>>> print(open('data.cif').read())   # mmCIF, C-alpha atoms
data_upload
loop_
_atom_site.label_atom_id
_atom_site.label_comp_id
_atom_site.auth_asym_id
_atom_site.auth_seq_id
_atom_site.Cartn_x
_atom_site.Cartn_y
_atom_site.Cartn_z
CA MET M 448 59.11 154.36 80.14
CA TRP M 449 60.39 151.98 82.79
CA ILE M 450 58.42 151.28 85.96
CA PHE M 451 60.76 150.59 88.87
CA HIS M 452 59.57 148.19 91.64
CA PRO M 453 62.53 148.10 94.08
CA HIS M 454 60.96 145.36 96.23
CA GLN M 455 59.95 142.97 93.51
CA ARG M 456 61.92 140.07 92.13
CA GLU M 457 62.04 141.59 88.67
CA GLN M 458 62.41 145.22 89.55
CA LEU M 459 62.05 146.85 86.14
CA HIS M 460 59.02 146.67 83.88
CA ASN M 461 58.63 148.31 80.53
CA SER M 462 54.91 148.52 79.81
CA LYS M 463 55.40 149.52 76.20
CA LEU M 464 57.66 146.62 75.35
CA ASN M 465 56.07 144.43 78.04
CA VAL M 466 59.40 143.20 79.35
CA TYR M 467 60.49 142.54 82.91
CA LYS M 468 64.10 142.83 83.96
CA ARG M 469 65.93 141.86 87.09
CA ILE M 470 68.89 143.81 88.44
CA LYS M 471 71.44 143.15 91.22
CA SER M 472 70.78 144.51 94.70
CA THR M 473 73.66 147.02 94.47
CA ASP M 474 72.43 148.20 91.05
CA CYS M 475 68.96 148.49 92.56
CA GLN M 476 70.26 150.74 95.37
CA ILE M 477 72.00 152.94 92.83
CA LEU M 478 68.94 153.18 90.61
CA LYS M 479 66.76 153.97 93.65
CA LEU M 480 68.90 157.00 94.40
CA LEU M 481 69.07 158.10 90.79
CA VAL M 482 65.27 157.84 90.38
CA LYS M 483 64.67 159.61 93.69
CA HIS M 484 66.87 162.49 92.52
CA GLN M 485 66.18 162.30 88.81
CA GLY M 486 67.20 165.35 86.87
CA GLN M 487 69.80 166.11 89.56
CA LEU M 488 73.43 165.22 89.99
CA VAL M 489 74.12 162.35 92.42
CA SER M 490 77.75 162.25 93.46
CA LYS M 491 79.89 159.12 93.24
CA ASP M 492 80.49 159.15 97.00
CA VAL M 493 76.77 159.13 97.76
CA LEU M 494 76.19 156.30 95.30
CA ASN M 495 79.10 154.30 96.68
CA ASN M 496 78.04 154.79 100.30
CA ASN M 497 74.48 153.75 99.63
CA ALA M 498 75.19 150.81 97.39
CA TRP M 499 78.09 149.23 99.28
CA GLU M 500 77.73 150.93 102.69
CA ASP M 501 80.83 150.08 104.78
CA ARG M 502 82.50 147.87 102.23
CA ILE M 503 85.55 149.23 100.52
CA VAL M 504 85.23 148.92 96.76
CA SER M 505 87.15 150.36 93.85
CA ASP M 506 85.83 153.06 91.50
CA ALA M 507 85.51 150.37 88.88
CA SER M 508 82.63 148.76 90.84
CA LEU M 509 80.44 151.85 90.44
CA THR M 510 81.40 152.28 86.78
CA GLN M 511 80.53 148.65 86.19
CA ALA M 512 77.19 148.98 87.99
CA ILE M 513 76.26 152.06 85.94
CA ALA M 514 77.24 150.27 82.74
CA GLN M 515 75.05 147.35 83.75
CA LEU M 516 72.12 149.66 84.50
CA ARG M 517 72.55 151.41 81.14
CA LEU M 518 72.54 148.06 79.39
CA THR M 519 69.37 147.00 81.20
CA LEU M 520 67.60 150.27 80.41
CA GLY M 521 68.65 150.22 76.77
CA ASP M 522 71.18 152.98 77.13
CA SER M 523 74.93 153.05 76.54
CA GLY M 524 77.95 154.96 77.74
CA LYS M 525 78.27 156.55 74.32
CA GLU M 526 74.67 157.73 73.96
CA GLN M 527 73.91 158.58 77.62
CA LYS M 528 70.26 159.21 76.81
CA ILE M 529 68.98 157.85 80.17
CA ILE M 530 71.93 157.97 82.58
CA LYS M 531 74.33 160.83 82.04
CA THR M 532 77.88 160.88 83.31
CA LEU M 533 79.09 164.17 84.75
CA PRO M 534 82.86 163.71 84.63
CA ARG M 535 84.61 163.59 88.02
CA LYS M 536 81.31 164.48 89.75
CA GLY M 537 78.77 161.73 89.45
CA TYR M 538 75.73 160.60 87.51
CA MET M 539 72.34 161.97 86.63
CA LEU M 540 69.16 160.19 85.53
CA ILE M 541 67.40 162.10 82.78
CA GLU M 542 63.77 162.75 83.75
CA GLY M 543 60.92 160.83 82.18
CA HIS M 544 62.65 157.50 81.58
CA VAL M 545 62.23 155.65 84.89
CA VAL M 546 59.59 156.14 87.60
CA PHE M 547 58.86 154.37 90.85
CA SER M 548 55.83 152.06 90.81
CA ASP M 549 52.67 153.31 92.51
CA ASP M 550 52.92 150.56 95.15
CA TYR M 551 56.39 151.64 96.09
CA GLU M 552 55.41 155.30 96.21
CA LYS M 553 52.45 154.45 98.49
CA THR M 554 54.58 152.29 100.82
CA THR M 555 57.17 155.01 101.09
CA LYS M 556 54.54 157.64 101.79
CA SER M 557 52.70 155.50 104.40
CA LYS M 558 56.00 154.72 106.09
CA THR M 559 56.78 158.39 106.25
CA SER M 560 53.35 159.25 107.64
CA THR M 561 53.49 156.41 110.20
CA SER M 562 56.80 157.56 111.47
CA LEU M 563 55.51 161.11 111.70
CA SER M 564 52.31 160.13 113.49
CA GLN M 565 54.18 158.16 116.11
CA ASN M 566 56.17 161.19 117.22
CA GLU M 567 59.31 160.17 115.44
CA VAL M 568 59.36 156.70 117.01
CA LYS M 569 60.63 154.53 114.20
CA VAL M 570 58.52 151.49 113.58
CA HIS M 571 59.76 149.06 111.07
CA VAL M 572 57.65 146.10 110.13
CA LYS M 573 59.62 143.57 108.22
CA THR M 574 58.00 142.61 104.98
CA GLU M 575 58.73 139.45 103.05
CA ASP M 576 60.71 141.56 100.57
CA ASP M 577 62.84 142.94 103.39
CA ASN M 578 63.64 139.40 104.52
CA LYS M 579 64.62 138.50 101.00
CA THR M 580 66.81 141.57 100.71
CA GLU M 581 68.45 140.74 104.04
CA ALA M 582 69.10 137.17 102.93
CA LYS M 583 70.59 138.52 99.73
CA ILE M 584 72.88 140.86 101.65
CA ILE M 585 74.05 138.00 103.89
CA GLN M 586 74.62 135.89 100.79
CA ASN M 587 76.64 138.72 99.27
CA ILE M 588 78.72 139.06 102.43
CA HIS M 589 79.48 135.32 102.35
CA PHE M 590 80.43 135.60 98.71
CA LEU M 591 82.75 138.50 99.47
CA TYR M 592 84.39 136.54 102.30
CA GLN M 593 84.94 133.65 99.91
CA LEU M 594 86.30 136.03 97.30
CA ASN M 595 88.69 137.47 99.87
CA TRP M 596 89.87 133.96 100.82
CA TRP M 597 90.46 133.11 97.17
CA ARG M 598 92.41 136.33 96.68
CA ARG M 599 94.63 135.47 99.65
CA MET M 600 95.14 131.96 98.33
CA ASN M 601 96.04 133.41 94.93
CA VAL M 602 98.67 135.66 96.51
CA PHE M 603 100.01 132.66 98.44
CA PHE M 604 100.25 130.55 95.27
CA ILE M 605 101.93 133.39 93.38
CA LEU M 606 104.51 133.67 96.18
CA ILE M 607 105.17 129.92 96.10
CA ILE M 608 105.58 130.01 92.31
CA LEU M 609 107.93 132.99 92.61
CA LEU M 610 109.97 131.12 95.23
CA PHE M 611 110.32 128.10 92.93
CA ALA M 612 111.14 130.36 89.99
CA SER M 613 113.85 132.14 91.99
CA PHE M 614 115.29 128.79 93.07
CA PHE M 615 115.56 127.67 89.44
CA TYR M 616 117.20 130.98 88.46
CA TYR M 617 119.71 130.46 91.27
CA ARG M 618 120.46 126.89 90.15
CA LEU M 619 120.67 127.94 86.51
CA GLY M 620 123.08 130.74 87.40
CA ASN M 621 125.21 128.34 89.41
CA VAL M 622 125.35 125.79 86.62
CA MET M 623 126.15 128.42 84.01
CA ILE M 624 128.98 129.81 86.13
CA GLN M 625 130.39 126.34 86.75
CA ARG M 626 130.06 125.34 83.14
CA TRP M 627 131.54 128.38 81.47
CA SER M 628 133.96 129.76 84.04
CA LEU M 629 135.80 126.59 84.96
CA GLU M 630 138.20 125.39 82.37
CA PRO M 631 138.79 121.62 82.37
CA ASN M 632 142.38 120.52 82.95
CA THR M 633 144.43 119.22 80.07
CA TRP M 634 145.82 115.79 80.70
CA ASN M 635 148.92 114.35 79.06
CA ILE M 636 148.55 110.75 78.01
CA THR M 637 151.42 108.42 77.09
CA ASP M 638 151.48 104.70 76.57
CA VAL M 639 154.71 103.01 77.70
CA GLY M 640 155.24 99.28 78.11
CA GLY M 641 151.55 98.39 78.25
CA THR M 642 150.74 101.04 80.85
CA THR M 643 148.90 104.22 79.99
CA TYR M 644 150.13 107.20 81.99
CA HIS M 645 147.83 110.21 82.52
CA TYR M 646 149.32 113.24 84.23
CA ASP M 647 148.15 116.82 84.61
CA ASN M 648 149.97 120.00 83.66
CA HIS M 649 151.75 120.54 86.98
CA GLY M 650 155.52 120.31 86.70
CA GLY M 651 155.60 118.04 89.76
CA SER M 652 153.26 115.55 88.11
CA GLU M 653 155.57 115.31 85.12
CA ILE M 654 158.57 114.72 87.38
CA LEU M 655 156.74 111.93 89.21
CA TYR M 656 155.73 110.46 85.84
CA LYS M 657 159.38 110.46 84.75
CA GLN M 658 160.37 108.77 88.02
CA VAL M 659 157.87 105.94 87.68
CA VAL M 660 157.66 105.39 83.94
CA SER M 661 158.83 101.90 82.93
CA LYS M 662 159.46 101.07 86.59
CA LEU M 663 155.98 99.90 87.52
CA ASN M 664 154.72 96.33 87.79
CA GLN M 665 153.06 94.81 84.76
CA HIS M 666 149.66 94.56 86.50
CA ILE M 667 149.07 98.32 86.20
CA THR M 668 147.20 99.24 83.04
CA ASP M 669 146.49 102.93 83.77
CA LEU M 670 148.18 105.38 86.12
CA PHE M 671 146.81 108.88 86.86
CA ILE M 672 149.04 111.49 88.45
CA SER M 673 147.94 114.93 89.66
CA LYS M 674 149.24 117.39 92.16
CA ASN M 675 148.38 120.46 94.20
CA PRO M 676 150.80 122.45 96.40
CA GLY M 677 150.27 120.14 99.40
CA GLN M 678 149.73 116.72 97.95
CA PHE M 679 150.42 114.24 95.15
CA TYR M 680 147.45 112.19 93.95
CA VAL M 681 147.91 108.88 92.17
CA SER M 682 145.20 106.51 90.99
CA CYS M 683 145.90 103.19 89.39
CA ILE M 684 143.85 100.72 87.45
CA TYR M 685 145.41 97.26 87.74
CA ARG M 686 144.76 93.58 87.38
CA CYS M 687 144.48 92.20 90.90
CA VAL M 688 146.76 89.15 91.29
CA LYS M 689 144.68 87.62 94.06
CA LEU M 690 141.30 87.91 92.36
CA ASN M 691 142.43 88.08 88.74
CA GLU M 692 140.09 90.97 88.03
CA GLN M 693 140.36 94.69 87.33
CA SER M 694 140.64 96.90 90.42
CA VAL M 695 141.31 100.55 91.21
CA LYS M 696 143.22 102.21 94.02
CA ASN M 697 143.54 105.86 94.96
CA LEU M 698 146.68 107.03 96.71
CA SER M 699 147.64 110.42 98.04
CA PHE M 700 151.05 111.44 99.32
CA SER M 701 152.14 114.41 101.35
CA MET M 702 155.19 116.26 100.11
CA ASP M 703 157.33 114.48 102.71
CA TYR M 704 157.49 111.33 100.58
CA SER M 705 160.33 110.93 98.14
CA PHE M 706 159.67 109.89 94.53
CA LEU M 707 161.34 106.57 95.25
CA ASP M 708 159.02 105.96 98.23
CA MET M 709 156.02 106.86 96.11
CA ARG M 710 157.10 104.52 93.32
CA ASN M 711 157.61 101.64 95.76
CA ILE M 712 154.22 102.25 97.37
CA ILE M 713 152.47 102.39 93.98
CA ASN M 714 154.08 99.09 92.99
CA GLU M 715 153.10 97.53 96.30
CA GLN M 716 149.50 98.80 96.43
CA CYS M 717 148.57 98.30 92.79
CA ARG M 718 149.00 94.56 92.31
CA MET O 742 97.49 144.09 89.80
CA ASN O 743 98.10 146.08 86.65
CA ASN O 744 98.96 144.54 83.31
CA VAL O 745 102.67 145.45 83.39
CA ALA O 746 103.10 143.66 86.71
CA LYS O 747 101.14 140.67 85.43
CA TYR O 748 103.21 140.34 82.27
CA THR O 749 106.47 140.78 84.21
CA LEU O 750 105.41 138.03 86.58
CA VAL O 751 104.42 135.74 83.74
CA LEU O 752 107.70 136.42 81.90
CA TYR O 753 109.70 135.78 85.10
CA CYS O 754 107.93 132.46 85.63
CA LEU O 755 108.27 131.48 81.97
CA GLY O 756 112.01 132.24 82.13
CA ALA O 757 112.33 130.07 85.22
CA LEU O 758 110.37 127.31 83.53
CA CYS O 759 112.69 127.42 80.51
CA GLY O 760 115.69 127.40 82.87
CA ALA O 761 114.29 124.41 84.72
CA VAL O 762 113.62 122.55 81.49
CA TYR O 763 117.17 123.31 80.32
CA LEU O 764 118.72 122.22 83.64
CA LEU O 765 116.77 119.01 83.93
CA GLY O 766 116.98 118.25 80.22
CA SER O 767 120.76 118.68 80.03
CA ASN O 768 121.18 116.71 83.24
CA GLU O 769 119.05 113.91 81.87
CA LEU O 770 120.97 113.94 78.59
CA PHE O 771 124.42 113.68 80.18
CA VAL O 772 123.69 111.42 83.13
CA SER O 773 123.05 108.38 80.96
CA LYS O 774 126.34 109.00 79.12
CA VAL O 775 128.33 109.25 82.34
CA ILE O 776 126.85 106.32 84.19
CA ASN O 777 126.54 104.13 81.10
CA ASN O 778 122.73 103.94 81.12
CA ARG O 779 122.71 102.33 84.55
CA THR O 780 119.80 102.98 86.88
CA ASN O 781 120.80 104.13 90.36
CA PRO O 782 124.34 102.70 90.17
CA ILE O 783 126.58 101.96 93.14
CA VAL O 784 130.30 102.67 92.83
CA PHE O 785 133.17 101.53 95.02
CA SER O 786 136.70 102.74 95.59
CA GLU O 787 139.49 102.20 98.03
CA GLY O 788 142.59 104.15 98.79
CA VAL O 789 145.40 105.04 101.10
CA ALA O 790 146.34 108.56 102.21
CA TYR O 791 150.00 108.85 103.21
CA GLY O 792 150.51 111.76 105.57
CA LYS O 793 153.65 112.96 107.27
CA ASN O 794 153.14 110.79 110.35
CA SER O 795 150.10 108.76 109.47
CA VAL O 796 148.78 106.30 106.97
CA ASN O 797 145.02 106.19 106.53
CA ARG O 798 143.30 103.43 104.60
CA TYR O 799 139.75 104.02 103.52
CA ARG O 800 136.97 102.51 101.46
CA GLU O 801 134.14 104.41 99.91
CA VAL O 802 130.79 103.37 98.47
CA HIS O 803 128.63 105.89 96.63
CA SER O 804 125.15 105.32 95.29
CA ILE O 805 123.80 107.68 92.68
CA LEU O 806 120.06 107.95 93.02
CA ARG O 807 117.61 109.47 90.63
CA LEU O 808 115.10 111.61 92.49
CA PHE O 809 111.91 113.16 91.14
CA TRP O 810 112.11 115.42 88.05
CA GLY O 811 115.47 113.96 87.06
CA ILE O 812 117.44 115.45 89.95
CA HIS O 813 120.23 113.15 91.20
CA SER O 814 121.62 112.68 94.64
CA MET O 815 124.72 110.81 95.76
CA LYS O 816 124.82 108.96 99.08
CA SER O 817 128.32 108.18 100.28
CA THR O 818 129.60 105.91 102.99
CA VAL O 819 133.25 106.07 104.02
CA LEU O 820 134.97 103.51 106.18
CA SER O 821 138.36 104.58 107.40
CA SER O 822 141.10 102.87 109.37
CA ASN O 823 141.29 106.03 111.50
CA SER O 824 137.67 105.87 112.53
CA ASP O 825 137.59 102.60 114.51
CA ASP O 826 135.50 100.77 111.91
CA LYS O 827 132.78 103.40 112.13
CA ALA O 828 131.28 104.37 108.77
CA TYR O 829 130.58 108.01 107.98
CA ASN O 830 127.69 108.88 105.76
CA GLN O 831 127.28 111.87 103.59
CA SER O 832 124.64 113.04 101.16
CA TYR O 833 125.40 115.15 98.08
CA SER O 834 123.38 116.49 95.24
CA ILE O 835 124.97 115.79 91.89
CA HIS O 836 124.42 117.57 88.60
CA PHE O 837 125.84 116.51 85.25
CA LEU O 838 127.04 119.58 83.35
CA SER O 839 128.34 117.87 80.23
CA SER O 840 129.50 114.43 79.15
CA ASN O 841 132.79 114.94 81.04
CA LEU O 842 131.91 117.42 83.80
CA PHE O 843 129.74 117.04 86.86
CA SER O 844 129.24 119.13 89.96
CA VAL O 845 128.68 117.90 93.49
CA SER O 846 127.36 119.90 96.43
CA MET O 847 127.12 118.67 99.97
CA SER O 848 123.55 118.55 101.20
CA ALA O 849 123.54 116.80 104.58
CA GLY O 850 125.70 114.67 106.83
CA ASN O 851 128.40 114.69 109.40
CA GLN O 852 131.13 116.61 107.67
CA LYS O 853 133.12 117.57 110.75
CA LYS O 854 133.91 113.98 111.58
CA ARG O 855 135.00 113.26 108.04
CA SER O 856 137.78 115.76 108.30
CA SER O 857 139.49 113.41 110.73
CA LEU O 858 139.80 110.91 107.91
CA GLY O 859 142.51 112.56 106.18
CA ALA O 860 146.07 113.21 105.86
CA ASP O 861 144.96 115.32 102.90
CA LEU O 862 144.62 118.92 104.05
CA SER O 863 142.68 120.27 101.07
CA GLU O 864 140.11 117.45 101.28
CA ALA O 865 139.80 117.98 105.03
CA HIS O 866 139.23 121.69 104.43
CA LEU O 867 136.48 121.06 101.88
CA ASN O 868 134.79 118.62 104.21
CA VAL O 869 134.53 121.22 106.93
CA TYR O 870 133.74 124.15 104.64
CA PRO O 871 131.74 122.55 101.85
CA ARG O 872 131.13 124.23 98.50
CA ASP O 873 130.07 123.16 95.05
CA GLU O 874 132.86 121.13 93.55
CA VAL O 875 133.23 120.39 89.85
CA PHE O 876 134.85 117.18 88.63
CA GLN O 877 136.28 116.39 85.24
CA ILE O 878 136.05 112.84 83.96
CA VAL O 879 139.50 111.71 82.84
CA LYS O 880 138.74 108.14 81.85
CA LYS O 881 135.53 106.20 81.54
CA THR O 882 134.91 102.59 80.65
CA SER O 883 131.88 100.40 81.16
CA ALA O 884 133.35 99.23 84.48
CA LEU O 885 134.96 102.33 85.98
CA ILE O 886 135.26 106.11 85.98
CA CYS O 887 138.31 108.21 86.87
CA TYR O 888 137.74 111.88 87.63
CA SER O 889 139.70 114.84 88.88
CA SER O 890 138.51 117.69 91.07
CA LEU O 891 138.87 121.08 89.42
CA SER O 892 139.19 122.64 92.88
CA THR O 893 141.86 120.48 94.48
CA SER O 894 143.28 118.60 91.45
CA ALA O 895 142.76 115.34 93.35
CA VAL O 896 142.25 112.36 91.07
CA ASP O 897 140.09 109.38 92.01
CA CYS O 898 138.93 106.22 90.30
CA VAL O 899 135.73 104.36 91.15
CA GLN O 900 134.40 100.99 90.00
CA PHE O 901 130.77 100.22 89.28
CA VAL O 902 129.54 97.59 91.69
CA ARG O 903 126.58 96.86 89.44
#
>>> encode(input="data.cif", output="structure tokens")
Amino acid sequence: MWIFHPHQREQLHNSKLNVYKRIKSTDCQILKLLVKHQGQLVSKDVLNNNAWEDRIVSDASLTQAIAQLRLTLGDSGKEQKIIKTLPRKGYMLIEGHVVFSDDYEKTTKSKTSTSLSQNEVKVHVKTEDDNKTEAKIIQNIHFLYQLNWWRRMNVFFILIILLFASFFYYRLGNVMIQRWSLEPNTWNITDVGGTTYHYDNHGGSEILYKQVVSKLNQHITDLFISKNPGQFYVSCIYRCVKLNEQSVKNLSFSMDYSFLDMRNIINEQCR
Amino acid sequence: MNNVAKYTLVLYCLGALCGAVYLLGSNELFVSKVINNRTNPIVFSEGVAYGKNSVNRYREVHSILRLFWGIHSMKSTVLSSNSDDKAYNQSYSIHFLSSNLFSVSMSAGNQKKRSSLGADLSEAHLNVYPRDEVFQIVKKTSALICYSSLSTSAVDCVQFVR
């Protein structure tokens, strides 16, 4: 048999085993109701409203509180020898397992009689236990605020991580597309008279190559020719006469230039 | 949050992490091959664009900078005879796709003014309407790199300054 002292620090006392147990304030509120109505069904709504008042909590909170109470009282969800679950309805405390302490019964009775004798004028004298309970409630509220803040921060961090993740997916997709969809150009390479000619697969590039091959100055070691519909591109690697060192020059010609002009310009610029 | 949502989220993030590791790892692997193990190299090139009625001489300097996590950026300065000795600066992000391919995307700068540089219409177009451009390396020595744009077919050679 458990003696329940709702206002004491260790609220539960088992005289047979001589053990004292402490339970959370919300569990205490739940047990108070169950003991008050022992042998009767107490609905989940009533338990929720009394234990958490205006706070919105999930069903899991009540289930967890009941499980904790069962554990404290030496009961289990499987046995249900002290607290019985009535599916979808609520819970019931089996009679004869937990009783209020005499002190608590007396206080409750005297409070009731006082309130009756004073013509229903409610007089509430704060006891030390009440102060403690109040402090506990305030502490709990602070804790819940902190918990809420942490939850918001968690959501914020998850969003940031998702943003980064999406950015990497975007970059990865881009790289994959570039890597696999674009086919590198094939370049033709010929070595004539000490100059290596590189030209792409455009017919125009080949014609320009044929116009300049063997007609370039001996300073040019490499010549690159490419073309698009609007422009010829020529790059040369040459030995600079003035500085006697390797240099590069990039030339582009509009289609208005003749092959002869281009050849003369290449010879003039790449020396 | 239920377990399915949690696992989906974790899988999504793990996939992104693997993608990031692949991107940065491959970039890191190829960058040293392309730039010959140089750290933050500077490259130089000069050229002449012959248009129908204009000739435009220009010089370009690009520095390839390694940013955090192995990402690379390229800072370019172009000095053109058409621009009254005023240099135009441009910033690109550069990613090395393989040992002979790299992609460049414009990130910040004054692209509208650069379009005045050229007698080259396709280059001018890309400067005003930038997009990711992929380049193929045609020749590479310890002193220079020649590459061709897969978008415009333009070929360019640059020399390492250091």
>>> closest_residue(input="data.cif", among="M:Arg618, M:Lys528, M:Lys662, M:Lys657", to="chain O", atoms="all atoms listed in the file")
M:Arg618
>>> interface_residues(input="data.cif", of="chain O", to="chain M", cutoff="9 Å", atoms="only C-alpha atoms", output="ChimeraX atom specification")
/O:750,753-758,760-761,763-764,786-793,836,838-839,842,844,860-863,873-877,879,884-885,887,889,891,893-900
>>> write_last_selection(input="data.cif", atoms="C-alpha atoms", output="CSV table (one decimal), in the coordinates of the input")
chain,number,residue,atom,x,y,z
O,750,LEU,CA,105.4,138.0,86.6
O,753,TYR,CA,109.7,135.8,85.1
O,754,CYS,CA,107.9,132.5,85.6
O,755,LEU,CA,108.3,131.5,82.0
O,756,GLY,CA,112.0,132.2,82.1
O,757,ALA,CA,112.3,130.1,85.2
O,758,LEU,CA,110.4,127.3,83.5
O,760,GLY,CA,115.7,127.4,82.9
O,761,ALA,CA,114.3,124.4,84.7
O,763,TYR,CA,117.2,123.3,80.3
O,764,LEU,CA,118.7,122.2,83.6
O,786,SER,CA,136.7,102.7,95.6
O,787,GLU,CA,139.5,102.2,98.0
O,788,GLY,CA,142.6,104.2,98.8
O,789,VAL,CA,145.4,105.0,101.1
O,790,ALA,CA,146.3,108.6,102.2
O,791,TYR,CA,150.0,108.8,103.2
O,792,GLY,CA,150.5,111.8,105.6
O,793,LYS,CA,153.6,113.0,107.3
O,836,HIS,CA,124.4,117.6,88.6
O,838,LEU,CA,127.0,119.6,83.4
O,839,SER,CA,128.3,117.9,80.2
O,842,LEU,CA,131.9,117.4,83.8
O,844,SER,CA,129.2,119.1,90.0
O,860,ALA,CA,146.1,113.2,105.9
O,861,ASP,CA,145.0,115.3,102.9
O,862,LEU,CA,144.6,118.9,104.0
O,863,SER,CA,142.7,120.3,101.1
O,873,ASP,CA,130.1,123.2,95.0
O,874,GLU,CA,132.9,121.1,93.6
O,875,VAL,CA,133.2,120.4,89.8
O,876,PHE,CA,134.8,117.2,88.6
O,877,GLN,CA,136.3,116.4,85.2
O,879,VAL,CA,139.5,111.7,82.8
O,884,ALA,CA,133.4,99.2,84.5
O,885,LEU,CA,135.0,102.3,86.0
O,887,CYS,CA,138.3,108.2,86.9
O,889,SER,CA,139.7,114.8,88.9
O,891,LEU,CA,138.9,121.1,89.4
O,893,THR,CA,141.9,120.5,94.5
O,894,SER,CA,143.3,118.6,91.4
O,895,ALA,CA,142.8,115.3,93.4
O,896,VAL,CA,142.2,112.4,91.1
O,897,ASP,CA,140.1,109.4,92.0
O,898,CYS,CA,138.9,106.2,90.3
O,899,VAL,CA,135.7,104.4,91.2
O,900,GLN,CA,134.4,101.0,90.0
>>> atom_distance(input="data.cif", atom1="atom CA of M:Trp449", atom2="atom CA of M:Leu520")
7.8 Å
>>> residues_around(input="data.cif", residues="stretch 487-501 of chain M", least_positions_apart="3", cutoff="10 Å", atoms="all atoms listed in the file", output="PyMOL selection string")
chain M and resi 472-484+504-506+508-510+512+531-533+535-542
>>> resolve_selection(input="data.cif", expression="the PyMOL selection byres ((chain M and resi 546-549) around 6)", output="count of residues only")
7
>>> atom_distance(input="data.cif", atom1="atom CA of O:Ser804", atom2="atom CA of O:Ser817")
6.6 Å
>>> closest_residue(input="data.cif", among="O:Val751, O:Ile812, O:Ile783, O:Cys759", to="O:Arg903", atoms="all atoms listed in the file")
O:Ile783
>>> atom_distance(input="data.cif", atom1="atom CA of O:Gly766", atom2="atom CA of O:Phe809")
13.1 Å
>>> residues_around(input="data.cif", residues="stretch 576-593 of chain M", least_positions_apart="5", cutoff="9 Å", atoms="only C-alpha atoms", output="PyMOL selection string")
chain M and resi 454-456+472+598
>>> resolve_selection(input="data.cif", expression="the PyMOL selection byres ((chain M and resi 462) around 8)", output="list in words")
Met448, Trp449, Ile450, His460, Asn461, Lys463, Leu464, Asn465 and Val466 of chain M
>>> closest_residue(input="data.cif", among="M:Gln511, M:Thr642, M:Ser705, M:Asn635", to="M:Leu655", atoms="all atoms listed in the file")
M:Ser705
>>> closest_residue(input="data.cif", among="M:Tyr644, M:Tyr467, M:Tyr656, M:Tyr685", to="M:Leu670", atoms="only C-alpha atoms")
M:Tyr644
>>> closest_residue(input="data.cif", among="O:Gly811, O:Lys816, O:Ser834, O:Ser848", to="O:Asn768", atoms="only C-alpha atoms")
O:Gly811
>>> closest_residue(input="data.cif", among="O:His813, O:Arg779, O:Phe837, O:Asn830", to="O:Glu801", atoms="all atoms listed in the file")
O:Asn830
>>> decode(input="data.cif", residues="stretch 866-880 of chain O", atoms="C-alpha atoms", output="CSV table (one decimal), in the first residue's frame")
chain,number,residue,atom,x,y,z
O,866,HIS,CA,27.4,38.3,-76.6
O,867,LEU,CA,28.7,36.0,-73.8
O,868,ASN,CA,30.0,39.0,-71.9
O,869,VAL,CA,26.5,40.6,-71.8
O,870,TYR,CA,24.6,37.3,-71.3
O,871,PRO,CA,27.0,35.2,-69.2
O,872,ARG,CA,26.6,31.5,-68.8
O,873,ASP,CA,28.8,28.6,-67.7
O,874,GLU,CA,31.4,28.1,-70.3
O,875,VAL,CA,33.5,24.9,-70.7
O,876,PHE,CA,37.0,25.0,-72.1
O,877,GLN,CA,39.1,22.2,-73.5
O,878,ILE,CA,42.8,22.3,-73.0
O,879,VAL,CA,44.5,21.8,-76.3
O,880,LYS,CA,48.2,22.2,-75.3
